[in-house]
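Peer 1: Below is upload_14.csv; it holds CSV, C-alpha atoms.
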```
chain,number,residue,atom,x,y,z
A,1,MET,CA,100.8,116.8,120.1
A,2,ARG,CA,98.3,116.4,117.3
A,3,PHE,CA,96.5,119.6,118.3
A,4,GLN,CA,99.9,121.4,118.5
A,5,LEU,CA,100.7,120.2,115.1
A,6,LEU,CA,97.4,121.1,113.6
A,7,TRP,CA,96.4,124.5,114.8
A,8,PRO,CA,99.2,126.6,113.2
A,9,VAL,CA,98.7,124.9,109.8
A,10,LEU,CA,94.9,125.4,110.0
A,11,ALA,CA,95.6,129.0,110.9
A,12,THR,CA,97.7,129.5,107.7
A,13,LEU,CA,94.6,128.3,105.7
A,14,LEU,CA,92.1,130.5,107.6
A,15,LEU,CA,94.3,133.6,107.8
A,16,PRO,CA,94.3,134.5,104.0
A,17,LEU,CA,90.5,133.9,103.9
A,18,ILE,CA,90.0,136.2,106.8
A,19,VAL,CA,92.1,139.0,105.4
A,20,SER,CA,90.5,138.5,102.0
A,21,TRP,CA,87.1,139.2,103.6
A,22,PHE,CA,88.2,142.8,104.3
A,23,VAL,CA,90.3,143.3,101.1
A,24,TYR,CA,88.0,142.2,98.2
A,25,PRO,CA,84.4,143.4,97.5
A,26,THR,CA,83.4,139.8,96.9
A,27,HIS,CA,85.4,138.7,100.1
A,28,LEU,CA,87.6,136.4,98.0
A,29,PRO,CA,90.4,137.1,95.5
A,30,PRO,CA,89.4,137.0,91.8
A,31,GLY,CA,89.4,133.5,90.4
A,32,PHE,CA,89.4,131.9,93.9
A,33,GLY,CA,88.2,128.3,93.8
A,34,GLU,CA,88.4,127.8,90.0
A,35,PHE,CA,90.3,124.6,89.7
A,36,PRO,CA,92.9,124.4,88.3
A,37,PRO,CA,93.8,128.1,88.7
A,38,GLN,CA,93.4,130.3,85.6
A,39,PHE,CA,94.7,133.7,84.5
A,40,VAL,CA,93.4,136.5,86.7
A,41,ALA,CA,95.1,139.8,85.7
A,42,GLN,CA,98.4,140.8,84.2
A,43,ALA,CA,101.1,141.2,86.8
A,44,PRO,CA,103.3,144.3,86.9
A,45,GLY,CA,106.2,144.4,84.6
A,46,PHE,CA,109.9,144.3,85.1
A,47,ASN,CA,111.4,146.3,88.0
A,48,LEU,CA,115.2,146.6,88.2
A,49,ILE,CA,115.4,147.3,91.9
A,50,TYR,CA,113.2,144.4,92.8
A,51,PHE,CA,115.1,142.2,90.4
A,52,ILE,CA,118.4,143.2,92.1
A,53,LEU,CA,117.0,142.5,95.6
A,54,VAL,CA,115.8,139.0,94.6
A,55,ALA,CA,119.1,138.4,92.7
A,56,ILE,CA,121.1,139.1,95.9
A,57,GLY,CA,119.2,136.3,97.7
A,58,ALA,CA,119.8,134.0,94.7
A,59,VAL,CA,123.5,134.7,94.7
A,60,TRP,CA,123.7,134.1,98.5
A,61,ILE,CA,122.1,130.7,98.3
A,62,SER,CA,124.1,129.8,95.2
A,63,CYS,CA,127.3,130.6,97.1
A,64,MET,CA,126.2,128.4,100.0
A,65,MET,CA,125.8,125.5,97.6
A,66,LEU,CA,128.7,126.1,95.2
A,67,ILE,CA,131.5,127.5,97.4
A,68,PRO,CA,130.5,126.6,101.0
A,69,GLN,CA,134.1,127.0,102.2
A,70,LYS,CA,133.8,130.7,101.4
A,71,MET,CA,130.6,130.9,103.4
A,72,GLY,CA,131.9,129.6,106.7
A,73,PHE,CA,131.8,125.8,106.2
A,74,LYS,CA,134.8,123.8,107.4
A,75,GLY,CA,133.3,120.6,106.0
A,76,GLY,CA,133.6,117.1,107.4
A,77,THR,CA,135.2,113.7,106.6
A,78,PRO,CA,133.3,112.0,103.8
A,79,ALA,CA,131.8,108.6,104.6
A,80,PRO,CA,133.1,105.6,102.6
A,81,ALA,CA,131.3,105.2,99.2
A,82,ALA,CA,128.9,102.3,99.1
A,83,ASP,CA,129.5,99.3,96.9
A,84,ARG,CA,127.8,99.3,93.5
A,85,LYS,CA,125.1,96.9,92.2
A,86,PRO,CA,123.7,96.3,88.8
A,87,LEU,CA,120.8,98.6,87.8
A,88,PRO,CA,117.5,96.9,88.9
A,89,TRP,CA,114.7,95.9,86.5
A,90,TRP,CA,112.5,98.9,87.6
A,91,PHE,CA,115.1,101.3,86.3
A,92,TYR,CA,114.6,100.0,82.8
A,93,ALA,CA,110.9,99.7,83.2
A,94,GLY,CA,110.7,103.3,84.4
A,95,LEU,CA,113.0,104.5,81.6
A,96,VAL,CA,110.7,102.9,79.0
A,97,VAL,CA,107.6,104.4,80.5
A,98,ASN,CA,109.3,107.8,80.9
A,99,LEU,CA,110.6,107.9,77.3
A,100,PHE,CA,107.3,106.7,75.8
A,101,PHE,CA,105.2,109.3,77.6
A,102,TRP,CA,107.8,112.0,77.0
A,103,TRP,CA,107.5,111.4,73.3
A,104,LEU,CA,103.7,111.2,73.6
A,105,MET,CA,103.4,114.5,75.5
A,106,TRP,CA,105.7,116.4,73.2
A,107,SER,CA,104.6,114.9,69.9
A,108,HIS,CA,100.8,115.4,70.7
A,109,SER,CA,100.3,112.2,68.9
A,110,MET,CA,96.7,110.8,68.9
A,111,ALA,CA,97.9,107.4,67.8
A,112,PHE,CA,96.9,106.0,71.2
A,113,GLY,CA,93.7,108.0,71.4
A,114,ASP,CA,93.0,109.9,74.6
A,115,LEU,CA,96.0,108.4,76.3
A,116,VAL,CA,98.0,111.5,75.3
A,117,TYR,CA,96.0,113.6,77.7
A,118,TRP,CA,97.2,111.4,80.6
A,119,SER,CA,100.9,111.7,79.8
A,120,PHE,CA,102.1,113.8,82.7
A,121,THR,CA,101.6,111.3,85.6
A,122,PRO,CA,103.2,108.2,84.0
A,123,LEU,CA,106.1,110.3,82.6
A,124,TRP,CA,106.9,111.5,86.1
A,125,TRP,CA,106.4,108.2,87.9
A,126,GLY,CA,108.6,106.6,85.2
A,127,PHE,CA,111.3,109.2,86.1
A,128,VAL,CA,110.9,108.4,89.8
A,129,PHE,CA,111.7,104.8,89.2
A,130,VAL,CA,114.6,105.7,87.0
A,131,LEU,CA,116.1,107.9,89.8
A,132,ASP,CA,115.4,105.1,92.3
A,133,GLY,CA,117.2,102.6,90.1
A,134,ILE,CA,120.3,104.8,90.0
A,135,VAL,CA,120.2,105.2,93.8
A,136,TYR,CA,119.9,101.4,94.1
A,137,GLN,CA,122.9,101.0,91.8
A,138,ARG,CA,125.1,103.5,93.7
A,139,ASN,CA,124.0,102.5,97.2
A,140,ASN,CA,124.7,98.8,97.3
A,141,GLY,CA,121.1,97.8,96.4
A,142,SER,CA,119.5,100.1,99.0
A,143,SER,CA,116.8,102.5,97.7
A,144,LEU,CA,113.3,103.6,98.6
A,145,VAL,CA,111.7,101.1,96.3
A,146,SER,CA,113.9,98.2,97.4
A,147,LYS,CA,114.0,99.0,101.1
A,148,GLN,CA,111.2,101.4,102.0
A,149,PRO,CA,108.3,100.9,99.5
A,150,VAL,CA,105.7,101.8,102.1
A,151,LEU,CA,107.4,105.2,102.7
A,152,MET,CA,107.4,105.7,98.9
A,153,ALA,CA,103.7,105.0,98.7
A,154,LEU,CA,102.9,107.3,101.6
A,155,ALA,CA,105.0,110.0,100.0
A,156,GLY,CA,102.8,109.8,96.9
A,157,VAL,CA,99.6,110.1,99.0
A,158,VAL,CA,100.9,113.0,101.1
A,159,SER,CA,102.1,114.7,97.9
A,160,ILE,CA,98.6,115.1,96.7
A,161,GLY,CA,97.5,117.0,99.8
A,162,GLY,CA,100.9,118.8,100.1
A,163,TRP,CA,100.7,120.3,96.6
A,164,ALA,CA,97.0,121.1,97.1
A,165,TYR,CA,98.0,123.0,100.3
A,166,PHE,CA,100.6,124.9,98.3
A,167,GLU,CA,98.3,125.5,95.3
A,168,PHE,CA,95.8,127.1,97.7
A,169,TYR,CA,98.1,130.1,98.2
A,170,ASP,CA,98.3,130.7,94.4
A,171,TYR,CA,94.9,132.2,94.5
A,172,PHE,CA,96.0,134.9,97.0
A,173,VAL,CA,99.0,136.0,94.8
A,174,LEU,CA,96.5,136.3,91.9
A,175,ALA,CA,97.7,133.2,90.0
A,176,ASN,CA,101.5,133.4,89.9
A,177,TRP,CA,101.1,130.2,87.9
A,178,PHE,CA,98.0,129.0,86.0
A,179,TYR,CA,96.9,126.3,83.6
A,180,PRO,CA,95.7,127.8,80.3
A,181,ASP,CA,95.1,124.4,78.5
A,182,SER,CA,93.3,122.6,81.3
A,183,ALA,CA,90.1,122.6,79.2
A,184,ALA,CA,91.8,120.9,76.3
A,185,ALA,CA,91.2,117.3,77.5
A,186,PRO,CA,87.8,115.8,76.6
A,187,TRP,CA,86.8,115.3,80.2
A,188,SER,CA,84.2,116.3,82.7
A,189,LYS,CA,85.2,118.6,85.5
A,190,THR,CA,85.3,115.6,87.9
A,191,VAL,CA,87.7,113.7,85.7
A,192,LEU,CA,89.9,116.8,85.2
A,193,THR,CA,90.1,117.2,89.0
A,194,ILE,CA,91.0,113.6,89.5
A,195,GLU,CA,93.7,113.8,86.8
A,196,PHE,CA,95.2,116.8,88.4
A,197,LEU,CA,95.3,115.2,91.8
A,198,LEU,CA,97.0,112.2,90.3
A,199,THR,CA,99.7,114.5,88.9
A,200,TYR,CA,100.2,115.9,92.4
A,201,SER,CA,101.2,112.4,93.6
A,202,THR,CA,104.6,112.8,91.9
A,203,VAL,CA,106.0,115.9,93.7
A,204,THR,CA,107.2,114.5,97.0
A,205,PRO,CA,108.5,111.1,95.7
A,206,VAL,CA,110.6,112.7,93.0
A,207,ILE,CA,112.2,115.2,95.4
A,208,LEU,CA,113.0,112.5,97.9
A,209,GLU,CA,114.5,110.4,95.2
A,210,TRP,CA,116.8,113.3,94.1
A,211,TYR,CA,117.7,113.8,97.8
A,212,CYS,CA,118.6,110.1,98.1
A,213,LEU,CA,120.7,110.3,94.9
A,214,LEU,CA,122.7,113.3,96.2
A,215,LEU,CA,123.4,111.3,99.4
A,216,THR,CA,125.2,108.7,97.4
A,217,PHE,CA,128.0,111.3,96.8
A,218,PRO,CA,129.7,111.3,100.2
A,219,LYS,CA,132.1,114.2,99.4
A,220,LEU,CA,129.1,116.4,98.5
A,221,VAL,CA,127.4,115.6,101.8
A,222,ALA,CA,130.6,116.4,103.7
A,223,ARG,CA,131.0,119.8,102.1
A,224,TYR,CA,128.0,121.2,104.1
A,225,LYS,CA,129.0,120.1,107.6
A,226,ASN,CA,130.6,122.2,110.3
A,227,GLY,CA,129.0,125.4,109.0
A,228,PRO,CA,127.3,128.4,110.5
A,229,VAL,CA,125.0,127.7,113.4
A,230,TRP,CA,121.4,129.0,113.0
A,231,ASN,CA,119.4,128.3,116.2
A,232,LEU,CA,115.9,129.4,115.1
A,233,ASN,CA,112.9,130.0,117.4
A,234,GLY,CA,109.9,128.0,116.4
A,235,ASN,CA,107.4,130.5,117.9
A,236,TYR,CA,109.0,133.4,116.1
A,237,LEU,CA,108.9,131.5,112.8
A,238,ILE,CA,105.2,130.8,113.2
A,239,ALA,CA,104.5,134.4,113.9
A,240,ILE,CA,106.6,135.8,111.1
A,241,GLY,CA,105.2,133.3,108.6
A,242,ALA,CA,101.6,134.1,109.6
A,243,LEU,CA,102.3,137.8,109.4
A,244,LEU,CA,103.8,137.5,105.9
A,245,ILE,CA,100.9,135.4,104.7
A,246,GLY,CA,98.4,138.0,105.9
A,247,LEU,CA,100.4,140.8,104.3
A,248,MET,CA,100.7,138.8,101.1
A,249,VAL,CA,96.9,139.0,100.7
A,250,LEU,CA,97.0,142.7,101.2
A,251,TYR,CA,99.9,143.2,98.8
A,252,PRO,CA,99.9,140.2,96.4
A,253,TYR,CA,102.3,141.6,93.9
A,254,PRO,CA,105.0,143.1,96.0
A,255,LEU,CA,104.9,140.1,98.3
A,256,PHE,CA,104.5,137.4,95.7
A,257,TRP,CA,107.6,135.7,97.1
A,258,VAL,CA,105.8,134.9,100.3
A,259,VAL,CA,104.0,132.0,98.6
A,260,TRP,CA,107.4,130.3,98.9
A,261,ILE,CA,108.5,131.6,102.3
A,262,GLY,CA,105.3,132.1,104.5
A,263,PRO,CA,104.1,128.4,104.7
A,264,PHE,CA,107.8,127.3,104.8
A,265,ALA,CA,108.3,129.5,107.9
A,266,VAL,CA,105.2,128.3,109.7
A,267,MET,CA,105.8,124.6,109.0
A,268,THR,CA,109.5,124.9,110.1
A,269,GLY,CA,108.3,126.7,113.3
A,270,VAL,CA,105.8,124.0,114.1
A,271,LEU,CA,108.4,121.2,113.9
A,272,LEU,CA,111.0,123.1,115.8
A,273,ARG,CA,108.5,124.1,118.5
A,274,LEU,CA,107.6,120.4,119.1
A,275,ASN,CA,111.3,119.2,118.9
A,276,ILE,CA,110.5,117.1,115.8
A,277,TRP,CA,113.5,116.5,113.6
A,278,ASN,CA,113.7,118.5,110.4
A,279,PRO,CA,116.6,120.0,108.4
A,280,PHE,CA,116.8,123.0,110.7
A,281,THR,CA,117.4,120.8,113.7
A,282,ASP,CA,120.8,119.9,112.1
A,283,ILE,CA,121.4,123.5,111.0
A,284,ALA,CA,121.2,124.5,114.7
A,285,LYS,CA,124.3,122.2,115.1
A,286,GLY,CA,126.1,123.6,112.0
A,287,ASP,CA,125.2,120.7,109.8
A,288,TRP,CA,123.5,122.0,106.7
A,289,SER,CA,123.7,118.9,104.6
A,290,ALA,CA,120.1,117.8,104.9
A,291,GLY,CA,118.7,121.3,104.3
A,292,LEU,CA,120.9,122.3,101.4
A,293,LEU,CA,120.7,118.9,99.7
A,294,ILE,CA,116.9,118.7,99.8
A,295,GLY,CA,116.9,122.3,98.4
A,296,MET,CA,119.3,121.2,95.7
A,297,ALA,CA,117.2,118.1,95.0
A,298,SER,CA,114.2,120.3,94.3
A,299,LEU,CA,116.2,122.7,92.2
A,300,LEU,CA,117.6,119.9,90.1
A,301,ASN,CA,114.2,118.5,89.5
A,302,GLY,CA,112.9,121.9,88.8
A,303,PHE,CA,114.9,122.0,85.6
A,304,PHE,CA,113.1,118.8,84.5
A,305,TRP,CA,109.7,120.1,85.6
A,306,GLU,CA,110.2,123.3,83.5
A,307,PHE,CA,111.9,121.6,80.6
A,308,TRP,CA,109.3,118.9,80.0
A,309,ASN,CA,106.5,121.5,80.6
A,310,PHE,CA,108.0,123.9,78.1
A,311,GLY,CA,108.5,121.2,75.4
A,312,SER,CA,104.9,120.0,75.7
A,313,HIS,CA,103.6,123.2,74.3
A,314,HIS,CA,106.3,124.9,72.2
A,315,PHE,CA,107.7,122.3,69.8
A,316,VAL,CA,104.3,121.1,68.5
A,317,ALA,CA,101.5,123.6,68.8
A,318,GLU,CA,98.5,121.7,67.7
A,319,PRO,CA,96.5,119.8,68.8
A,320,VAL,CA,96.6,121.0,72.4
A,321,THR,CA,97.0,117.8,74.4
A,322,ASN,CA,98.6,118.6,77.8
A,323,PRO,CA,96.0,119.9,80.2
A,324,ASN,CA,98.7,120.1,82.9
A,325,TYR,CA,100.8,122.7,81.0
A,326,TRP,CA,101.4,125.8,83.2
A,327,VAL,CA,102.7,129.3,82.6
A,328,TYR,CA,103.8,132.0,85.1
A,329,ASN,CA,102.5,135.5,85.7
A,330,ILE,CA,105.2,136.7,88.1
A,331,PRO,CA,105.6,140.4,88.8
A,332,TYR,CA,108.9,142.4,88.5
A,333,VAL,CA,111.3,139.5,87.7
A,334,ASP,CA,109.6,137.7,84.8
A,335,VAL,CA,112.7,137.9,82.5
A,336,ILE,CA,115.4,135.6,81.1
A,337,HIS,CA,113.7,132.4,80.1
A,338,LEU,CA,115.9,129.5,79.0
A,339,PHE,CA,113.7,126.8,77.4
A,340,SER,CA,111.3,127.4,80.2
A,341,GLU,CA,108.2,129.3,81.2
A,342,MET,CA,109.9,129.9,84.5
A,343,PRO,CA,112.1,133.1,84.7
A,344,LEU,CA,115.7,132.5,85.7
A,345,LEU,CA,115.3,133.9,89.3
A,346,GLY,CA,112.2,131.9,89.8
A,347,TYR,CA,114.2,128.7,89.9
A,348,PHE,CA,115.5,129.7,93.3
A,349,GLY,CA,112.1,129.4,94.7
A,350,TYR,CA,112.5,125.7,94.3
A,351,ILE,CA,115.1,125.6,97.1
A,352,PRO,CA,112.8,126.5,100.0
A,353,PHE,CA,110.0,124.6,98.2
A,354,GLY,CA,112.0,121.4,98.5
A,355,VAL,CA,112.5,121.9,102.2
A,356,LEU,CA,108.8,122.6,102.6
A,357,VAL,CA,107.9,119.5,100.7
A,358,TRP,CA,110.0,117.4,103.1
A,359,GLN,CA,108.7,119.2,106.2
A,360,VAL,CA,105.0,118.6,105.1
A,361,PHE,CA,105.8,114.9,104.8
A,362,ILE,CA,107.4,114.8,108.3
A,363,TRP,CA,104.5,116.8,109.7
A,364,CYS,CA,102.0,114.4,108.2
A,365,GLY,CA,103.9,111.4,109.6
A,366,LYS,CA,103.7,112.9,113.1
A,367,LEU,CA,100.0,113.9,112.7
A,368,PHE,CA,98.9,110.5,111.3
A,369,GLY,CA,101.4,108.3,113.1
A,370,PHE,CA,103.6,106.8,110.4
A,371,ASN,CA,107.4,106.8,110.1
A,372,THR,CA,109.0,109.2,107.6
A,373,ASP,CA,112.6,108.5,108.4
A,374,ILE,CA,114.8,107.6,105.3
A,375,LYS,CA,116.8,104.6,106.5
A,376,LEU,CA,119.0,103.9,103.4
A,377,PHE,CA,122.3,105.2,104.6
A,378,PRO,CA,124.6,104.5,107.6
A,379,SER,CA,123.9,107.9,109.2
A,380,SER,CA,120.1,107.6,108.7
```
As structure tokens - that is how I would like this structure written.
Peer 2:
Amino acid sequence: MRFQLLWPVLATLLLPLIVSWFVYPTHLPPGFGEFPPQFVAQAPGFNLIYFILVAIGAVWISCMMLIPQKMGFKGGTPAPAADRKPLPWWFYAGLVVNLFFWWLMWSHSMAFGDLVYWSFTPLWWGFVFVLDGIVYQRNNGSSLVSKQPVLMALAGVVSIGGWAYFEFYDYFVLANWFYPDSAAAPWSKTVLTIEFLLTYSTVTPVILEWYCLLLTFPKLVARYKNGPVWNLNGNYLIAIGALLIGLMVLYPYPLFWVVWIGPFAVMTGVLLRLNIWNPFTDIAKGDWSAGLLIGMASLLNGFFWEFWNFGSHHFVAEPVTNPNYWVYNIPYVDVIHLFSEMPLLGYFGYIPFGVLVWQVFIWCGKLFGFNTDIKLFPSS
């Protein structure tokens, strides 16, 4: 099974390199390998037709989440709500860490020396423990930290490789996002790389925590049951995803959205092909709760990602102290910014991204032989 797990994913890494060999005079896209990614070239400006097409997709997924009964969902019977417990000590510890580093990152204060440059990772890990504490309180003392700390630690390790995998594709869409202030910190290239990899450790854990929090609302979970049945073919998904990734290298601006969909399709196809549970396993039975809630979890966290990122640069300009600050260079739809570098329609990319994050975690568990099942709830 390991070979069957591995070869399609390796192909998604090799394919854009192979296509680039024939597309670019240097055989690689401009800026390839510069870490973290930097600005390459200005993307094409606003295009109304493209904006409308993307908006149609955004409206469709919004309706699935907000008015599922109008989209073919009959719903189910909500499970009984769990008993409540007092908030645990790590909620308060996480809150203190989160608030302190939020203040430090936004204020650009040098009162603690170079600590300000390291703000991103502890801010987010503090937030992870805040979310976990709320899950603990709402779920009768059962949370990832209290019941499955090994899974939480593994999620952090996998997250580093998972985001690096996703970041790899950014080079082939000519830097849809880049990090203009990465040189601000007084570090060597090695230390900068280590710091960025540490920030990557927060992505999977925080999305899983949001997902667990959403599961503590039984009526919300029940809304997405008994819905449309999508029985997808894993082989077709792998082929479609690979084709899209190859075309993305040829047409990086028109197909910029493939960065969210191509790897997602391949990873989904691999898991389905090998009969490994993932959200689309349940969707084939009409139960969309796992898929929509993990997408919703990622979307909700996306507002925090973008809000904290925006504030780290725009409220206090000098000195520049957040090397992890990112901006977007997205073609055709880069309009309507609400306290965020991310354009409004861009937020909807977080939905498939959340599913991809979970699928990469599941895939890694099967590849390396560890259990990724979340066992905090009666139906888990």
Peer 1: Do you have, as JSON lines, the list of residues of segment 202-300 of chain A lying at most 9 Å from segment 122-137 of chain A, each with its nearest atom pair and that distance in Å to one decimal, counting all atoms listed in the file and ordered by chain then number?
Peer 2:
```
{"residue": "A:Thr202", "atom": "CA", "partner": "A:Trp125", "partner_atom": "CA", "distance": 6.4}
{"residue": "A:Val203", "atom": "CA", "partner": "A:Trp124", "partner_atom": "CA", "distance": 8.8}
{"residue": "A:Pro205", "atom": "CA", "partner": "A:Val128", "partner_atom": "CA", "distance": 6.9}
{"residue": "A:Val206", "atom": "CA", "partner": "A:Val128", "partner_atom": "CA", "distance": 5.4}
{"residue": "A:Ile207", "atom": "CA", "partner": "A:Val128", "partner_atom": "CA", "distance": 8.9}
{"residue": "A:Glu209", "atom": "CA", "partner": "A:Asp132", "partner_atom": "CA", "distance": 6.1}
{"residue": "A:Trp210", "atom": "CA", "partner": "A:Leu131", "partner_atom": "CA", "distance": 6.9}
{"residue": "A:Cys212", "atom": "CA", "partner": "A:Val135", "partner_atom": "CA", "distance": 6.7}
{"residue": "A:Leu213", "atom": "CA", "partner": "A:Val135", "partner_atom": "CA", "distance": 5.2}
{"residue": "A:Leu214", "atom": "CA", "partner": "A:Val135", "partner_atom": "CA", "distance": 8.8}
{"residue": "A:Leu215", "atom": "CA", "partner": "A:Val135", "partner_atom": "CA", "distance": 8.9}
{"residue": "A:Thr216", "atom": "CA", "partner": "A:Val135", "partner_atom": "CA", "distance": 7.1}
```
Peer 1: Output C-alpha atoms of each residue in that selection to a file, as a PDB file, keeping the file's coordinate frame.
Peer 2:
```pdb
ATOM      1  CA  THR A 202     104.600 112.800  91.900  1.00  0.00           C
ATOM      2  CA  VAL A 203     106.000 115.900  93.700  1.00  0.00           C
ATOM      3  CA  PRO A 205     108.500 111.100  95.700  1.00  0.00           C
ATOM      4  CA  VAL A 206     110.600 112.700  93.000  1.00  0.00           C
ATOM      5  CA  ILE A 207     112.200 115.200  95.400  1.00  0.00           C
ATOM      6  CA  GLU A 209     114.500 110.400  95.200  1.00  0.00           C
ATOM      7  CA  TRP A 210     116.800 113.300  94.100  1.00  0.00           C
ATOM      8  CA  CYS A 212     118.600 110.100  98.100  1.00  0.00           C
ATOM      9  CA  LEU A 213     120.700 110.300  94.900  1.00  0.00           C
ATOM     10  CA  LEU A 214     122.700 113.300  96.200  1.00  0.00           C
ATOM     11  CA  LEU A 215     123.400 111.300  99.400  1.00  0.00           C
ATOM     12  CA  THR A 216     125.200 108.700  97.400  1.00  0.00           C
TER      13      THR A 216
END
```
Peer 1: Taking 6 positions as the minimum chain separation for residues in the same chain, which residues sit within 10 Å of Lys285 of chain A when counting all atoms listed in the file? Answer as a list in words.
Peer 2: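 Result of the neighbour search: Lys225, Asn226, Gly227, Pro228, Val229, Trp230 and Asn231 of chain A.
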Peer 1: Between atom CA of Pro378 of chain A and atom CA of Ala79 of chain A, what is the spacing in Å?
Peer 2: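 Separation of atom CA of Ala79 of chain A and atom CA of Pro378 of chain A: 8.8 Å.
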Peer 1: Pick from A:Pro331, A:Gly349, A:Gly365, A:Gly156: nearest to Gly57 of chain A, with all atoms listed in the file counted?
Peer 2: A:Gly349
Peer 1: List as CSV every residue of segment 40-109 of chain A that is in contact with segment 240-260 of chain A, defined as an atom at most 10 Å from one of its atoms (using all atoms listed in the file), together with the nearest atom pair and the distance in Å rounded to one decimal, sorted by chain and then rising number.
Peer 2:
```
residue,atom,partner,partner_atom,distance
A:Ala43,CA,A:Tyr253,CA,7.2
A:Pro44,CA,A:Tyr253,CA,7.6
A:Tyr50,CA,A:Pro254,CA,8.9
A:Val54,CA,A:Trp257,CA,9.2
```
Peer 1: Can you list, as a list in words, every protein, DNA or RNA residue that comes within 10 Å of segment 64-71 of chain A when you count all atoms listed in the file, leaving out same-chain residues fewer than 5 positions away?
Peer 2: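 Those residues are Val59, Leu220, Arg223, Tyr224, Lys225, Gly227, Pro228, Trp288, Ser289, Leu292, Leu293, Gly295 and Met296 of chain A.
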Peer 1: Using atom CA of Pro279 of chain A and atom CA of Leu356 of chain A as the two end points, give the distance in Å to one decimal.
Peer 2: 10.1 Å
Peer 1: What are the nearest atom pairs, with distances in Å to one decimal, for all residues of segment 277-316 of chain A that come at most 12 Å from segment 174-192 of chain A, using only C-alpha atoms, set out by chain and rising residue number as JSON lines?
Peer 2:
```
{"residue": "A:Asn309", "atom": "CA", "partner": "A:Tyr179", "partner_atom": "CA", "distance": 11.1}
{"residue": "A:Ser312", "atom": "CA", "partner": "A:Asp181", "partner_atom": "CA", "distance": 11.1}
{"residue": "A:His313", "atom": "CA", "partner": "A:Asp181", "partner_atom": "CA", "distance": 9.6}
```
Peer 1: Mind giving me the straight-line distance from atom CA of Val97 of chain A to atom CA of Phe120 of chain A in Å, one decimal?
Peer 2: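 Computed distance, atom CA of Val97 of chain A to atom CA of Phe120 of chain A, equals 11.1 Å.
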Peer 1: Just add N, CA and C atoms to segment 47-61 of chain A and send it as a CSV table (one decimal), keeping the file's coordinate frame.
Peer 2:
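This went into out.csv:
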```csv
chain,number,residue,atom,x,y,z
A,47,ASN,N,110.9,145.2,87.1
A,47,ASN,CA,111.4,146.3,88.0
A,47,ASN,C,112.8,146.0,88.4
A,48,LEU,N,113.8,146.9,88.0
A,48,LEU,CA,115.2,146.6,88.2
A,48,LEU,C,115.5,146.5,89.7
A,49,ILE,N,115.0,147.4,90.5
A,49,ILE,CA,115.4,147.3,91.9
A,49,ILE,C,114.9,146.0,92.6
A,50,TYR,N,113.7,145.6,92.2
A,50,TYR,CA,113.2,144.4,92.8
A,50,TYR,C,114.0,143.2,92.3
A,51,PHE,N,114.3,143.2,91.0
A,51,PHE,CA,115.1,142.2,90.4
A,51,PHE,C,116.5,142.1,91.1
A,52,ILE,N,117.1,143.2,91.4
A,52,ILE,CA,118.4,143.2,92.1
A,52,ILE,C,118.3,142.6,93.5
A,53,LEU,N,117.2,143.0,94.2
A,53,LEU,CA,117.0,142.5,95.6
A,53,LEU,C,116.8,140.9,95.6
A,54,VAL,N,116.0,140.4,94.6
A,54,VAL,CA,115.8,139.0,94.6
A,54,VAL,C,117.1,138.3,94.1
A,55,ALA,N,117.8,138.9,93.2
A,55,ALA,CA,119.1,138.4,92.7
A,55,ALA,C,120.1,138.2,93.8
A,56,ILE,N,120.1,139.2,94.8
A,56,ILE,CA,121.1,139.1,95.9
A,56,ILE,C,120.8,137.8,96.7
A,57,GLY,N,119.5,137.6,97.0
A,57,GLY,CA,119.2,136.3,97.7
A,57,GLY,C,119.6,135.1,96.9
A,58,ALA,N,119.4,135.1,95.6
A,58,ALA,CA,119.8,134.0,94.7
A,58,ALA,C,121.3,133.8,94.7
A,59,VAL,N,122.1,134.9,94.7
A,59,VAL,CA,123.5,134.7,94.7
A,59,VAL,C,124.0,134.2,96.1
A,60,TRP,N,123.4,134.6,97.1
A,60,TRP,CA,123.7,134.1,98.5
A,60,TRP,C,123.5,132.6,98.6
A,61,ILE,N,122.4,132.1,98.2
A,61,ILE,CA,122.1,130.7,98.3
A,61,ILE,C,123.0,129.9,97.4
```
